[in-house]
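Participant: final_4.txt is reproduced below (compact mmCIF, C-alpha atoms).
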```txt
# COMPACT_ATOMS: atom_id res chain seq x y z
CA MET A 1 127.44 195.00 98.13
CA LYS A 2 126.48 196.41 94.72
CA ARG A 3 129.87 195.36 93.32
CA PHE A 4 129.43 191.91 94.74
CA LEU A 5 126.05 191.59 93.03
CA ILE A 6 127.50 192.66 89.70
CA LEU A 7 130.28 190.13 90.09
CA ALA A 8 127.76 187.40 90.92
CA MET A 9 125.70 188.33 87.86
CA CYS A 10 128.77 188.25 85.66
CA LEU A 11 129.67 184.82 86.97
CA GLY A 12 126.11 183.64 86.32
CA LEU A 13 126.21 184.99 82.78
CA TRP A 14 129.58 183.40 82.19
CA SER A 15 128.37 179.98 83.31
CA MET A 16 125.28 180.30 81.09
CA ALA A 17 127.40 181.37 78.16
CA SER A 18 129.76 178.44 78.52
CA ALA A 19 126.81 176.08 78.85
CA GLU A 20 125.46 177.39 75.57
CA GLY A 21 128.75 176.78 73.87
CA LEU A 22 129.90 180.38 73.42
CA PHE A 23 133.33 179.17 74.41
CA SER A 24 133.45 176.30 71.96
CA PRO A 25 136.66 176.22 69.93
CA PRO A 26 136.45 178.02 66.61
CA ASP A 27 136.38 176.30 63.23
CA LEU A 28 136.14 172.66 64.28
CA PRO A 29 136.01 170.53 61.14
CA LYS A 30 132.59 169.06 60.36
CA ALA A 31 132.09 165.31 60.62
CA LYS A 32 131.57 163.25 57.47
CA ALA A 33 128.35 164.31 55.75
CA GLY A 34 125.34 162.12 56.39
CA SER A 35 126.83 160.51 59.50
CA GLN A 36 125.05 160.37 62.86
CA CYS A 37 126.95 160.50 66.14
CA VAL A 38 126.29 157.88 68.83
CA ASP A 39 125.01 160.55 71.26
CA LYS A 40 124.04 164.23 71.42
CA PRO A 41 126.93 166.63 70.70
CA GLU A 42 126.63 168.41 74.05
CA LEU A 43 126.96 165.06 75.85
CA MET A 44 129.72 163.80 73.57
CA ARG A 45 131.70 166.98 74.24
CA LYS A 46 131.83 166.10 77.93
CA GLN A 47 131.55 162.33 77.99
CA HIS A 48 133.23 160.95 74.89
CA MET A 49 135.86 159.15 76.92
CA GLN A 50 133.27 157.43 79.12
CA HIS A 51 131.67 156.08 75.94
CA ILE A 52 134.80 154.26 74.87
CA LEU A 53 136.50 153.42 78.17
CA HIS A 54 134.28 150.45 79.05
CA GLN A 55 134.09 149.32 75.44
CA ARG A 56 137.88 149.31 75.03
CA ASN A 57 138.31 146.87 77.91
CA GLN A 58 135.57 144.60 76.59
CA THR A 59 137.06 144.56 73.11
CA MET A 60 140.65 144.17 74.26
CA ARG A 61 140.10 141.59 76.98
CA GLN A 62 137.07 139.64 75.76
CA GLY A 63 136.93 140.22 72.03
CA ILE A 64 133.46 141.80 72.05
CA ARG A 65 133.38 143.89 68.89
CA ASP A 66 129.76 144.83 68.26
CA SER A 67 129.65 148.05 70.26
CA LYS A 68 128.42 151.23 68.59
CA ASN A 69 131.15 153.01 70.55
CA SER A 70 134.54 152.64 68.94
CA LEU A 71 137.54 154.93 68.60
CA VAL A 72 138.08 153.73 65.03
CA GLU A 73 134.56 154.87 64.14
CA CYS A 74 135.12 158.24 65.88
CA VAL A 75 138.13 158.76 63.64
CA ASN A 76 136.36 157.49 60.51
CA CYS A 77 133.60 160.11 60.81
CA HIS A 78 135.31 163.03 62.48
CA VAL A 79 138.72 163.13 60.83
CA THR A 80 138.04 164.58 57.41
CA LYS A 81 140.36 165.68 54.63
CA THR A 82 141.69 169.25 54.67
CA ALA A 83 141.48 171.66 51.75
CA LYS A 84 144.77 170.18 50.57
CA GLY A 85 143.05 166.82 50.15
CA ASP A 86 144.87 164.83 52.82
CA PHE A 87 144.04 163.82 56.36
CA PRO A 88 145.50 166.22 58.95
CA SER A 89 148.14 165.05 61.43
CA ILE A 90 147.17 164.75 65.09
CA ASP A 91 149.46 167.74 65.81
CA ASP A 92 147.46 169.88 63.38
CA LYS A 93 144.56 172.04 64.64
CA GLN A 94 142.53 170.92 61.63
CA HIS A 95 142.37 167.43 63.15
CA PHE A 96 138.98 167.25 64.90
CA CYS A 97 140.40 165.89 68.17
CA ALA A 98 143.43 168.18 68.18
CA GLY A 99 141.31 171.27 67.42
CA CYS A 100 139.42 170.96 70.69
CA HIS A 101 142.18 169.45 72.81
CA GLN A 102 144.68 172.15 71.90
CA TYR A 103 142.05 174.77 72.69
CA ALA A 104 141.31 173.17 76.07
CA SER A 105 144.99 172.41 76.66
CA VAL A 106 144.33 168.75 77.46
CA LYS A 107 146.82 166.15 76.26
CA ILE A 108 145.46 163.18 74.26
CA ASP A 109 147.17 159.83 74.79
CA CYS A 110 145.00 157.74 72.44
CA PHE A 111 146.99 158.46 69.30
CA GLN A 112 150.36 157.46 70.69
CA CYS A 113 149.24 153.98 69.66
CA HIS A 114 145.92 154.29 67.80
CA ALA A 115 145.65 155.45 64.20
CA SER A 116 144.66 159.12 64.11
CA LYS A 117 143.51 158.96 60.48
CA PRO A 118 140.91 156.80 58.73
CA ASP A 119 142.38 153.69 57.13
CA LEU A 120 143.93 154.74 53.84
CA ILE A 121 142.85 151.47 52.21
CA THR A 122 139.16 151.68 53.07
CA GLY A 123 139.20 155.51 53.30
CA GLY A 124 137.12 155.28 56.45
CA LYS A 125 134.61 153.11 54.54
CA MET B 1 122.94 99.73 39.09
CA THR B 2 119.43 100.62 40.19
CA ASN B 3 118.35 104.13 41.09
CA SER B 4 117.14 103.24 44.55
CA LEU B 5 119.67 102.73 47.33
CA ASN B 6 119.52 99.82 49.68
CA ARG B 7 119.88 100.38 53.41
CA ARG B 8 123.61 99.74 53.49
CA GLU B 9 124.36 102.05 50.57
CA PHE B 10 122.21 104.80 52.05
CA LEU B 11 123.98 104.64 55.39
CA THR B 12 127.45 104.62 53.82
CA LEU B 13 126.63 107.54 51.56
CA SER B 14 124.97 109.64 54.22
CA SER B 15 127.74 109.08 56.76
CA SER B 16 130.42 110.02 54.24
CA LEU B 17 128.44 113.15 53.35
CA MET B 18 128.23 113.98 57.05
CA LEU B 19 132.00 113.64 57.37
CA LEU B 20 132.46 115.99 54.43
CA THR B 21 130.18 118.68 55.81
CA ILE B 22 131.20 118.66 59.50
CA PRO B 23 134.64 120.27 59.21
CA VAL B 24 133.14 123.17 57.22
CA ALA B 25 130.07 123.74 59.35
CA ALA B 26 131.58 123.07 62.78
CA ASN B 27 133.38 126.39 63.14
CA PRO B 28 131.02 129.30 62.58
CA PRO B 29 132.59 132.55 63.83
CA ARG B 30 131.55 133.60 67.31
CA PRO B 31 128.87 136.33 67.30
CA LEU B 32 130.69 139.63 67.85
CA ASP B 33 128.51 140.60 70.82
CA GLN B 34 129.66 137.50 72.71
CA PRO B 35 132.93 137.25 74.65
CA ALA B 36 135.60 134.74 73.64
CA THR B 37 135.24 131.59 75.73
CA SER B 38 137.50 128.76 76.83
CA GLN B 39 135.39 126.36 74.73
CA LYS B 40 137.91 127.09 72.01
CA ARG B 41 141.68 127.24 71.98
CA TRP B 42 143.21 128.68 68.85
CA GLY B 43 146.47 127.22 67.67
CA LEU B 44 148.78 126.58 64.75
CA LEU B 45 150.45 123.47 63.36
CA ILE B 46 153.49 124.25 61.24
CA ASP B 47 154.77 121.56 58.89
CA THR B 48 158.46 122.44 58.59
CA SER B 49 158.91 120.01 55.67
CA LYS B 50 156.65 122.29 53.60
CA CYS B 51 158.34 125.51 54.74
CA SER B 52 160.77 126.78 52.11
CA SER B 53 164.07 128.26 53.32
CA GLY B 54 164.04 131.20 50.91
CA CYS B 55 160.41 132.13 51.49
CA ASP B 56 159.33 134.87 53.88
CA ALA B 57 155.75 135.35 52.66
CA CYS B 58 154.38 134.85 56.18
CA VAL B 59 156.68 137.50 57.66
CA ASN B 60 155.81 140.07 55.00
CA ALA B 61 152.08 139.37 55.20
CA CYS B 62 152.12 139.70 58.99
CA HIS B 63 153.98 142.96 58.95
CA ILE B 64 151.75 144.44 56.22
CA GLU B 65 148.54 143.28 57.92
CA ASN B 66 149.52 144.76 61.27
CA GLY B 67 151.42 147.79 60.01
CA VAL B 68 154.64 146.62 61.66
CA THR B 69 157.17 149.07 60.31
CA GLY B 70 160.74 149.63 61.42
CA ASN B 71 163.39 152.28 61.09
CA ASN B 72 165.88 150.13 59.21
CA ARG B 73 167.57 149.20 62.47
CA PRO B 74 167.35 145.40 62.59
CA ALA B 75 168.72 145.21 66.14
CA SER B 76 165.81 147.16 67.60
CA ASP B 77 163.01 147.02 65.00
CA ALA B 78 159.89 145.07 65.97
CA GLN B 79 159.44 141.49 64.76
CA TRP B 80 156.10 139.77 65.21
CA ILE B 81 157.25 136.71 63.30
CA ARG B 82 160.65 135.71 61.95
CA LYS B 83 162.15 132.94 59.88
CA VAL B 84 164.62 130.75 61.76
CA THR B 85 167.00 128.20 60.25
CA VAL B 86 168.12 125.36 62.50
CA LYS B 87 170.73 122.72 61.82
CA ASP B 88 171.13 119.34 63.46
CA LYS B 89 174.85 119.23 64.30
CA GLN B 90 174.95 115.45 64.07
CA THR B 91 173.01 114.83 60.87
CA GLN B 92 173.56 118.24 59.23
CA LYS B 93 169.84 118.39 58.45
CA VAL B 94 168.79 122.02 57.94
CA THR B 95 165.23 123.08 58.75
CA SER B 96 163.57 126.42 58.10
CA LEU B 97 160.62 127.51 60.19
CA PRO B 98 158.59 130.57 61.14
CA LEU B 99 158.75 131.54 64.82
CA MET B 100 156.24 133.78 66.54
CA CYS B 101 154.45 134.03 69.88
CA GLN B 102 153.66 130.43 70.80
CA HIS B 103 150.43 131.38 72.63
CA CYS B 104 151.28 129.24 75.65
CA GLU B 105 148.69 127.78 77.97
CA ASN B 106 150.94 128.83 80.87
CA PRO B 107 152.55 131.96 79.46
CA PRO B 108 155.56 133.21 81.47
CA CYS B 109 155.03 136.71 80.03
CA VAL B 110 151.66 136.85 81.79
CA ASP B 111 153.13 135.51 85.04
CA VAL B 112 155.74 138.24 85.29
CA CYS B 113 153.75 141.27 84.05
CA PRO B 114 153.49 143.75 86.96
CA THR B 115 150.45 145.59 85.53
CA THR B 116 148.40 142.68 84.05
CA ALA B 117 148.90 144.24 80.62
CA SER B 118 150.16 140.88 79.39
CA PHE B 119 147.20 138.53 79.45
CA LYS B 120 145.76 135.39 77.92
CA ARG B 121 142.32 135.68 76.38
CA ALA B 122 139.82 132.94 77.23
CA ASP B 123 140.34 131.32 73.82
CA GLY B 124 144.10 131.01 74.38
CA ILE B 125 145.38 134.05 72.47
CA VAL B 126 148.14 135.82 74.41
CA LEU B 127 147.97 139.61 74.05
CA VAL B 128 149.40 142.87 75.37
CA ASP B 129 146.90 145.46 76.59
CA LYS B 130 148.84 148.59 75.69
CA HIS B 131 146.52 150.73 77.81
CA LEU B 132 148.23 149.13 80.80
CA CYS B 133 151.72 148.35 79.47
CA ILE B 134 154.39 150.47 81.12
CA GLY B 135 157.19 149.20 78.89
CA CYS B 136 159.19 147.47 81.62
CA ARG B 137 160.11 144.63 79.22
CA TYR B 138 160.00 142.00 81.94
CA CYS B 139 157.85 139.84 79.59
CA MET B 140 160.55 140.02 76.95
CA MET B 141 163.03 138.55 79.41
CA ALA B 142 160.59 135.87 80.52
CA CYS B 143 159.65 134.64 77.03
CA PRO B 144 161.87 131.70 76.03
CA TYR B 145 160.98 132.19 72.34
CA LYS B 146 162.12 135.84 72.10
CA ALA B 147 158.71 136.52 70.63
CA ARG B 148 158.23 140.02 71.93
CA SER B 149 159.53 143.38 70.77
CA PHE B 150 159.75 146.76 72.44
CA ILE B 151 158.87 149.85 70.44
CA HIS B 152 161.74 152.27 70.89
CA GLU B 153 160.66 155.02 68.55
CA LYS B 154 157.53 157.02 67.75
CA VAL B 155 155.16 155.18 65.43
CA GLU B 156 152.95 156.89 62.85
CA ASN B 157 150.34 155.74 60.34
CA GLN B 158 149.32 152.67 62.31
CA LYS B 159 146.55 150.39 61.06
CA PRO B 160 143.24 151.21 62.78
CA HIS B 161 142.86 147.58 63.87
CA ALA B 162 146.46 147.23 65.10
CA PRO B 163 147.42 150.02 67.52
CA ARG B 164 151.15 150.17 68.28
CA GLY B 165 153.15 152.87 69.99
CA MET B 166 156.41 153.92 71.54
CA GLY B 167 157.16 152.63 75.02
CA THR B 168 155.06 149.48 74.83
CA VAL B 169 155.81 145.82 74.13
CA GLU B 170 154.11 143.91 71.34
CA SER B 171 154.07 140.51 69.68
CA CYS B 172 152.04 138.26 67.40
CA ASN B 173 148.37 138.52 68.36
CA LEU B 174 147.34 135.63 66.10
CA CYS B 175 145.56 138.30 64.00
CA VAL B 176 142.96 138.41 66.74
CA LYS B 177 140.56 140.69 64.85
CA ARG B 178 140.64 138.51 61.75
CA VAL B 179 140.11 135.41 63.88
CA ASP B 180 137.12 137.04 65.61
CA GLU B 181 135.66 137.71 62.17
CA GLY B 182 136.11 134.06 61.17
CA LYS B 183 139.11 134.69 58.90
CA LEU B 184 142.53 133.04 58.90
CA PRO B 185 145.59 134.79 60.38
CA ALA B 186 147.54 136.70 57.71
CA CYS B 187 150.59 134.37 57.85
CA VAL B 188 148.44 131.28 57.29
CA GLU B 189 146.73 132.84 54.29
CA ALA B 190 150.02 134.08 52.82
CA CYS B 191 151.65 130.66 53.18
CA LYS B 192 148.70 129.10 51.38
CA ASN B 193 148.85 131.71 48.60
CA ALA B 194 152.60 131.13 48.21
CA GLY B 195 151.75 127.50 47.45
CA HIS B 196 153.27 125.96 50.59
CA SER B 197 150.31 125.57 52.97
CA ALA B 198 152.79 124.83 55.74
CA ILE B 199 150.75 126.54 58.50
CA LEU B 200 147.45 125.09 59.67
CA PHE B 201 145.21 127.22 61.88
CA GLY B 202 142.30 125.97 63.96
CA ASP B 203 140.65 125.13 67.25
CA LEU B 204 142.79 122.72 69.30
CA LYS B 205 139.76 121.77 71.40
CA ASP B 206 137.37 120.91 68.57
CA PRO B 207 137.59 117.18 67.73
CA ASN B 208 136.16 117.91 64.27
CA SER B 209 138.71 120.56 63.36
CA GLU B 210 141.39 119.76 60.80
CA ILE B 211 144.18 120.77 63.19
CA PHE B 212 142.85 118.51 65.98
CA GLN B 213 142.60 115.53 63.65
CA LYS B 214 146.05 116.10 62.16
CA LEU B 215 147.64 116.50 65.60
CA GLN B 216 146.20 113.11 66.52
CA LYS B 217 147.77 111.44 63.50
CA VAL B 218 151.20 113.03 63.11
CA SER B 219 153.89 113.49 65.73
CA SER B 220 154.44 117.14 66.54
CA THR B 221 156.90 119.10 68.63
CA ALA B 222 156.26 121.82 71.18
CA LEU B 223 159.30 124.08 71.32
CA ARG B 224 160.98 123.95 74.74
CA ALA B 225 158.48 121.33 75.88
CA ASP B 226 160.69 120.88 78.96
CA MET B 227 159.36 124.16 80.35
CA GLY B 228 155.80 122.86 80.52
CA LEU B 229 154.29 125.93 78.88
CA ASN B 230 152.06 123.90 76.54
CA PRO B 231 152.31 126.22 73.54
CA GLY B 232 149.39 126.55 71.12
CA VAL B 233 151.84 126.50 68.22
CA ARG B 234 153.17 123.05 67.29
CA TYR B 235 155.79 122.00 64.74
CA GLU B 236 155.72 118.94 62.54
CA ASN B 237 158.79 117.24 60.98
CA LEU B 238 161.18 119.15 63.20
```
Could you express the structure from this file as C-alpha cells?

Facilitator:
Amino acid sequence: MKRFLILAMCLGLWSMASAEGLFSPPDLPKAKAGSQCVDKPELMRKQHMQHILHQRNQTMRQGIRDSKNSLVECVNCHVTKTAKGDFPSIDDKQHFCAGCHQYASVKIDCFQCHASKPDLITGGK
Amino acid sequence: MTNSLNRREFLTLSSSLMLLTIPVAANPPRPLDQPATSQKRWGLLIDTSKCSSGCDACVNACHIENGVTGNNRPASDAQWIRKVTVKDKQTQKVTSLPLMCQHCENPPCVDVCPTTASFKRADGIVLVDKHLCIGCRYCMMACPYKARSFIHEKVENQKPHAPRGMGTVESCNLCVKRVDEGKLPACVEACKNAGHSAILFGDLKDPNSEIFQKLQKVSSTALRADMGLNPGVRYENL
C-alpha cells in the first residue's frame, strides 16, 4: 500500500511538472523581438493547429485573408536566423517548429508544400 | 466661348466624365474579410495578334511570382503557363499564344476529382486544395488543355504565398492572392511591361469592365468550345 502511495505521488508530481513545462524542449529559438503571439504560449503549445485549421479552409476555399491566424505569419515571427546568419532548414533542430516536433517525435506535414522560411525578398517583413 | 455652360454642354461633359471614371472606380478590391462571391467572374482575353512569337515574358513572370522551379527535366517539370505556336495548315498562318488553365465554368478537373481537392472558387478561379490532393492525376487526364502538372520531386524554398509540394497536382491559379489584393496577375503585368499588352484581365460579369466591353465588340474564341466548358480565358484573332 505504501509503495502504491509513493507511485501515485510520483505520478502526481510528474503531471504537475509537465504542466509547468519542465519537459519543454531545450533551447527553442526565441521569436522575433517585439512580436506578440496570437494567443498565450501554453495554449499555443497545445492548440496551434486548431488555430490555423479553420482559417486554412476559409482562405483556400473562399479567399478570406484577414485572419490573425496564418501559417505564413507563424513562420515570419518564429523562424529566426541562426548564428551563421541564415534561416535554418526544417530538418534542423534550430528551426522553431522542428525543435519541438523532433523532441516530441511528431511528424510535420505543413512544410512539404508551405515555405518553412520567411520570404527572402521581404525578410519576413 | 463663354465661361458658363448651357444645359446641353453640361450634360455632354458630365456624362463623358462619368464614362471616364466608371471603369476605374467600378472594381474596388473585395474586403479581405469577405468571401469571394459569384457576383464576379475573373477572366482573361488574350489578343494573339499582339503576342510576339519570341517573347516568353508571361511564362517567366508567372514562374518567378509563384516560385515554379524545375529540375531541368522538361518532360516532367511543372508548367503553369506555356507558349504555344499553332499553324493553319491551309493558309500557313502562324500564331503564338500563351496557354494556361482556362478557368472553365464547368471544369472537368473538378468533376473527376475523387477528394474535392480540385474546386472552383465562387468567383470562377479553378484551384487545387493541396491539403486534400492525393496526387492521383485524374484531373490531368480530364483537362483538355493539358494545363496541370504533377510535382514528382521534393520542392524547397517555396514562396510563402504559393505552397507547392511533391505528390500534388498544380496549375495556374490566376495569381489568386494578387487578385484578392486588387492587383493584376503576374503574366498580365509582365506582358504590359514587355510592351505587348496582349492579355487583358477583368471581371466577365461586370458590364463596366474593360474586358466585358471588349468581348462585346470583338469576336473571340473559346478553346475547344465544342466541349461546352465555357472557359474564362478567351482568345482574340485566333

Participant: What are the residues of chain A that have an atom within 12 Å of an atom of chain B, counting only C-alpha atoms, as JSON, numbers by chain?

Facilitator: {"A": [53, 55, 56, 57, 58, 59, 60, 61, 62, 63, 64, 65, 66, 67, 68, 70, 71, 72, 73, 74, 75, 76, 87, 88, 89, 90, 91, 109, 110, 111, 112, 113, 114, 115, 116, 117, 118, 119, 120, 121, 122, 123, 124]}

Participant: Any idea what the distance is between atom CA of Cys139 of chain B and atom CA of Tyr235 of chain B?

Facilitator: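 That distance, rounded to one decimal, is 23.3 Å.
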
Participant: Please list as a PyMOL selection string every residue within 12 Å of Leu184 of chain B, counting only C-alpha atoms and excluding residues in the same chain fewer than 4 positions away.

Facilitator: chain B and resi 29+42-44+62+65+174-180+188-192+199-203

Participant: How many Å lie between atom CA of Thr116 of chain B and atom CA of Asn230 of chain B, rounded to one decimal?

Facilitator: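 So the two atoms, atom CA of Thr116 of chain B and atom CA of Asn230 of chain B, lie 20.6 Å apart.
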
Participant: Tell me, in Å to one decimal, how far atom CA of Arg82 of chain B is from atom CA of Arg148 of chain B.

Facilitator: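 Interatomic distance, atom CA of Arg82 of chain B to atom CA of Arg148 of chain B: 11.1 Å.
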